[in-house]
Amino acid sequence: MTGSLDALHLAMNQGHSAAWDQNWEAAVQHYRKAVECAPDNVQALTSLGLALFELQEYEESLRSYLKAARLAREDPIPLEKIAQICERLGNLERAQAASLQAAEVYLKNKDLQKAIENWKRVTLLNPENIQARARLAAVYEHMGNKELAVEEYLALASLYQHASDMEKAVRAVNRAMQLIPGDARATQALTMLRDFKSLPLPARSRGATASLRMAQLKKADTGVAEPDKRQEPIAEAQQRALTILAGMLFDEDFGMPEGTASRGLQAIVRNTGSLRTPKVVDRTRILLHLTQVVDLHTQGKYEHAANELQRAMEVGLDHPAAHFTLGALLIQIGQPDNAFRYLQSAMKHPDFALASRLMLGQTLRSMGRLREAAVEYLEALRVADSSMAPADRRDDLFQLYEPLVEEQRHENDAEAQARLCDNVASLLTQPDWREQVQRARKQLPSQVDNQAIVPLAEVIIQSRSSQIVESLAKINDLANEGYLRSAMEEAFYAVQYAPTYLPLHIFMAELLIKQGQLQLAISKLLAVAQTYSARGETRRAIDLYHRVVELAPMDFKPRSRLIDLLIEQDHIEEALLEYMELADVYYSLADLDNARSTYTEALRLAQQTNADRSWRVKIMHRMADIDLQSLDWRQALRIFEQIRILQPDDEQARARLIELNFRLGQEAQAMTELENYITHLLETGRRDAALEFLKTQARDNPGRPLVRRRLADLYRHAGKIEEAIAELDAAGELFLDAGNRDEAIRTLELILALRPAKAASYQQLLDQLRRR
C-alpha cells in the first residue's frame with residue numbers, strides 16, 4: 001500500500017510540474033500513471049481531465065470528469081468542466097444539465113456568485129430555460145438586485161405565456177411590478193398580456209457555443225486563428241477572412257478587421273449599406289450556409305465551399321471577407337473570370353486590398369493578360385508601400401503612384417511588364433514582405449522631412465512620368481501667380497498625354513472654382529469621385545464627395561452617395577454626422593417629412609451598428625421635435641419614452657413626457673412619469689436636482705394640484721416647512737375649485753400635520769368640508 005501511495009504522489013508531482021511548464025503531453029502521461037495507481041482518486045481524475053482538455057482531447061477529458069463527478073457529488077468543479085466540454089462538443093442539453101447541477105451545489109455551499117454564473121451560462125445556451133430563469137429571479141430578489149430580478153421575471157412571463165400558462169405569466173409580471181412599482185417594462189408587459197399580445201421571447205446570445213468550432217478550425221490546415229503577421233499577404237488575408245466568417249457564426253459582435261467597427265451579422269447583409277431599401281434576409285439560412293463554408297473550407301473541399309458561400313451571398317450576406325474568400329475559392333477551382341468581380345469588391349476594404357491586387361495580378365498574368373497584370377502588381381505595391389509609410393505621409397505617397405499607374409496602363413513593352421510583375425511578386429509574396437519593403441525603402445535617395453516622399457516604385461521600375469510632374473509644377477506656378485486661364489490651358493495640354501491621371505482633373509476642378517465656374521467644377525469632381533470609387537480607392541472618393549458637399553450643401557445626391565461610402569467603409573460616426581446635416585438641410589427648407597425620414601434612416605444605422613448611445617438619443621430628440629411641430633403628440637410621446645429607456649437621466653425627455661401626457665389628458669400617466677423621475681433622482685442622491693425639477697414643473701403647470709402637492713412633499717423632506725405649506729395651500733385651492741372634496745380634505749390634513757401658523761383657520765375649513 002505504501003509503495004502504491006508513493007507512486008501516486010510521485011506521478012502527481014511530476015504531472016503538476018509538467019502542467020506548470022505547459023507541457024500537457026507529459027502531464028497526461030504522468031496523470032495517467034496516477035489514475036492507474038488510484039482509479040478513484042478525484043484529484044488524479046480532475047488533473048488528467050484538465051490536461052486532456054488543454055490538448056483538446058475532449059471526449060477522454062469528459063470521461064475523467066464524469067467519473068470525478070460521480071465520486072465527489074458535493075464538488076461543483078467537475079460539473080462545471082463537464083458543462084464546458086459538452087458545450088464544446090455541441091451537446092448543449094447535457095451542458096445545460098451539468099451547469100444546473102453545478103449551480104445547485106454552489107447554492108448548497110452558499111456560494112451565490114458561482115451559482116449565478118452557472119445559471120447565466122444555462123441562459124446563454126438556452127435563453128428559454130425556465131428553471132435557470134426562475135432561480136436567477138429568486139436569487140437576484142434575495143440579494144436586493146431589483147433591476148436584474150425584474151428582467152428575469154419578465155423573461156419568465158414571456159416563457160410562461162408561450163407555454164400557454166397565463167396565470168404564471170401574469171404572476172411573474174406582478175412580481176416584477178411589486179419589486180419596482182411603475183416600471184415601464186413591466187407595465188407594458190402586463191398591458192400586452194391583457195391585450196393577448198405575444199411578449200418577445202428572451203433573445204439568444206450568439207457566442208454560447210463558439211469555442212469548440214473555433215478550436216477545431218484552428219487545428220485545420222487553413223486555420224482561423226488571429227492572422228499571423230509572418231505570413232505572405234494572400235495567406236494572411238485568407239486566414240483573416242476565414243476568421244471573420246467563422247466569427248459570424250458565434251458572436252453578435254464578431255471580430256472585425258482592424259480599424260473597422262464591429263457591426264454583427266444583422267448589419268452585414270446586403271442593402272444595409274445605405275439603409276434606404278432594406279431587404280428581408282433569412283439569417284438562419286445565411287448561418288446555415290456559413291457553417292458549411294467554414295467546415296468545407298477547412299476540409300479542403302473548395303468547390304463545395306464556394307457553392308455554399310455563393311448561396312449565403314444570394315440570401316443577403318454582404319461583407320468584404322465573404323467577397324475575398326469567394327474570389328480566392330473561385331480562382332482555386334479554376335474559375336478566374338467569375339472571381340474578378342468579387343476580388344474587385346473586396347479590394348475596397350483596406351484589410352483585403354493588397355491580397356486582392358496580388359491575386360488579380362497573378363491570375364491575369366497566368367491568363368496572358370500581361371498589361372493588366374502589371375497594373376495590378378503596381379497597385380499592390382502602392383498599397384504595400386503606403387501602408388508602411390508614416391501615417392502623415394501615406395496619402396501623399398499613395399497619390400504619387402498615380403502617374404506611374406497611368407503610364408503602366410499604356411505600356412506596350414511586354415518585357416518591361418514582365419519585369420515589373422516579377423519584381424513586385426518577389427518583394428511582396430513572402431512572409432517577411434514588411435521587412436522587405438522597409439529594406440527597399442532604404443535604397444531610395446535620402447529625403448529631407450519637408451520634401452515629397454518618394455514612391456518605392458522608383459526602385460522597382462524606371463519612371464518615365466516626369467513630363468506630368470513638370471506640367472503639374474507649371475500649372476501650380478501659373479495658378480499661384482493669378483494666371484488662371486494659362487494654367488487651365490497647360491492643364492488641357494497635360495490631359496492629352498495623361499487623360500486618366502485623376503489628380504490632374506482635380507487640379508482642373510479647383511481652377512474652375514477659382515474662375516467662378518462652380519457647376520462645371522462640381523461635375524468634374526463628381527466624375528473623378530465616381531472613378532476613384534470604381535477603382536476601389538474609396539477613401540479618395542470620400543474626400544472628393546466631402547469637397548462637393550462643402551461646395552453645394554443643398555445638393556442631396558452627392559451627400560447621399562457620401563453617406564453610402566462612409567457606411568461601406570464602417571465610418572459610422574461620420575455617416576451619422578452627414579445624415580444629421582442632410583436632415584438639417586431638409587429642415588431649413590421646411591421639408592419636415594424628408595427631414596424626419598432622414599433622421600429615421602440615421603437611427604436605423606445607429607441601432608444596427610451599435611453606435612454610441614448618445615447618437616441614438618440625439619437623433620430621437622430631433623425626430624420628436626419634428627413630431628411636436630407636426631402636432632403628432634402621440635408619436636412624439638413614443639419617441640420620448642424610448643429616450644427615457646436609453647438615457648434615464650435625460651431631463652428634457654422626462655419633462656416632455658410629463659407635458660405630453662398632460663396635453664393628451666393622461667394625468668395619471670403624467671404623474672407616474674413625474675414620480676418615476678423624482679424617485680430616480682432621489683435614489684441616485686440628487687435631491688437638489690429633484691427639487692429644482694419639481695419647482696419647474698409646478699411653474700409650468702400651475703393648475704396641476706398633484707404637482708404642487710408633490711413639490712410640497714419634497715419641501716417638507718428638505719425642512720422647508722413654510723414653502724411646503726404654501727404649495728399645499730395652493731394645491732388645496734385647486735382641488736376645491738375643481739370640486740374634488742376628498743383630495744382637498746387630504747391636502748388640508750397634510751397642512752395641519754405641518755403645524756402651520758394659521759392652524760385654526762385650516763381646521764375650520766377642514767371641519768366644514770367634512771360636514772358637507
# chains A, B, ... in the order shown; residues from 1 in each chain; ligands from 1
>>> select_by_dssp(residues="region 327-474 of chain A", states="helix (DSSP H, G or I)", output="ChimeraX atom specification")
/A:327-332,336-346,350-366,370-388,391-400,402-409,414-428,433-441,457-460,466-474
>>> residues_around(residues="Glu727 (chain A)", least_positions_apart="3", cutoff="8 Å", atoms="only C-alpha atoms", output="JSON, numbers by chain")
{"A": [708, 709, 711, 712, 723, 724, 730, 731]}
>>> closest_residue(among="A:Ser761, A:Thr684, A:Asn476, A:Gln436", to="Met488 (chain A)", atoms="only C-alpha atoms")
A:Asn476
>>> residues_around(residues="Gln335 (chain A)", least_positions_apart="5", cutoff="12 Å", atoms="only C-alpha atoms", output="list of chain:residue names")
A:Tyr302, A:Glu303, A:Ala306, A:Leu326, A:Gly327, A:Ala328, A:Leu329, A:Leu330, A:Phe340, A:Arg341, A:Tyr342, A:Thr363, A:Met367
>>> residues_around(residues="Leu370 (chain A)", least_positions_apart="4", cutoff="9 Å", atoms="only C-alpha atoms", output="ChimeraX atom specification")
/A:361,364-366,374-375,414,417-418,421
>>> write_last_selection(atoms="C-alpha atoms", output="JSON list (two decimals), in the first residue's frame")
[["chain", "number", "residue", "atom", "x", "y", "z"],
["A", 361, "GLY", "CA", -2.02, 40.19, -60.79],
["A", 364, "LEU", "CA", -4.13, 37.88, -65.05],
["A", 365, "ARG", "CA", -0.51, 37.03, -65.76],
["A", 366, "SER", "CA", -1.31, 33.30, -65.90],
["A", 374, "ALA", "CA", 1.40, 44.74, -64.41],
["A", 375, "VAL", "CA", -1.14, 47.39, -63.39],
["A", 414, "ALA", "CA", 6.00, 43.15, -72.70],
["A", 417, "GLN", "CA", 5.71, 44.48, -67.93],
["A", 418, "ALA", "CA", 7.02, 41.03, -67.07],
["A", 421, "CYS", "CA", 5.44, 41.66, -62.26]]
>>> closest_atom_pairs(of="region 68-99 of chain A", to="region 42-58 of chain A", cutoff="9 Å", atoms="only C-alpha atoms", output="CSV")
residue,atom,partner,partner_atom,distance
A:Ala68,CA,A:Val42,CA,5.2
A:Ala69,CA,A:Val42,CA,8.3
A:Leu71,CA,A:Val42,CA,6.9
A:Ala72,CA,A:Val42,CA,7.1
A:Ile77,CA,A:Thr46,CA,8.9
A:Pro78,CA,A:Thr46,CA,7.0
A:Lys81,CA,A:Leu50,CA,8.5
A:Ile85,CA,A:Tyr58,CA,6.2
A:Cys86,CA,A:Tyr58,CA,8.4
A:Arg88,CA,A:Tyr58,CA,8.1
A:Leu89,CA,A:Tyr58,CA,7.4
>>> write_last_selection(atoms="N, CA and C atoms", output="CSV table (one decimal), in the first residue's frame")
chain,number,residue,atom,x,y,z
A,68,ALA,N,-15.1,11.7,-11.9
A,68,ALA,CA,-14.8,12.5,-10.7
A,68,ALA,C,-16.1,13.1,-10.1
A,69,ALA,N,-17.1,13.4,-11.0
A,69,ALA,CA,-18.3,14.0,-10.5
A,69,ALA,C,-19.1,12.9,-9.8
A,71,LEU,N,-17.9,10.5,-8.1
A,71,LEU,CA,-17.2,10.2,-6.8
A,71,LEU,C,-17.3,11.3,-5.8
A,72,ALA,N,-17.4,12.6,-6.3
A,72,ALA,CA,-17.4,13.7,-5.4
A,72,ALA,C,-18.6,14.6,-5.7
A,77,ILE,N,-16.9,21.7,-9.2
A,77,ILE,CA,-15.9,21.9,-10.2
A,77,ILE,C,-16.0,20.9,-11.4
A,78,PRO,N,-16.0,19.6,-11.1
A,78,PRO,CA,-16.1,18.6,-12.2
A,78,PRO,C,-17.4,18.9,-13.0
A,81,LYS,N,-16.7,21.7,-15.4
A,81,LYS,CA,-15.9,21.3,-16.5
A,81,LYS,C,-16.7,20.4,-17.5
A,85,ILE,N,-17.1,21.2,-21.5
A,85,ILE,CA,-16.7,20.2,-22.5
A,85,ILE,C,-17.9,19.9,-23.4
A,86,CYS,N,-19.1,19.6,-22.8
A,86,CYS,CA,-20.3,19.3,-23.6
A,86,CYS,C,-20.6,20.4,-24.5
A,88,ARG,N,-18.5,22.5,-25.9
A,88,ARG,CA,-17.6,22.5,-27.0
A,88,ARG,C,-17.9,21.3,-27.9
A,89,LEU,N,-18.4,20.2,-27.4
A,89,LEU,CA,-18.8,19.1,-28.2
A,89,LEU,C,-20.1,19.2,-28.9
>>> residues_around(residues="His304 (chain A)", least_positions_apart="2", cutoff="12 Å", atoms="only C-alpha atoms", output="list in words")
His289, Leu290, Gln292, Val293, Val294, Asp295, Leu296, His297, Thr298, Gln299, Gly300, Lys301, Tyr302, Ala306, Asn307, Glu308, Leu309, Gln310, Arg311, Leu326, Leu329, Leu330, Gln332 and Ile333 of chain A
>>> closest_residue(among="A:Phe693, A:Asp632, A:Ser356, A:Ser533", to="Asp650 (chain A)", atoms="only C-alpha atoms")
A:Phe693
>>> closest_residue(among="A:Leu769, A:Ala606, A:Ile725, A:Leu691", to="Ile751 (chain A)", atoms="only C-alpha atoms")
A:Ile725
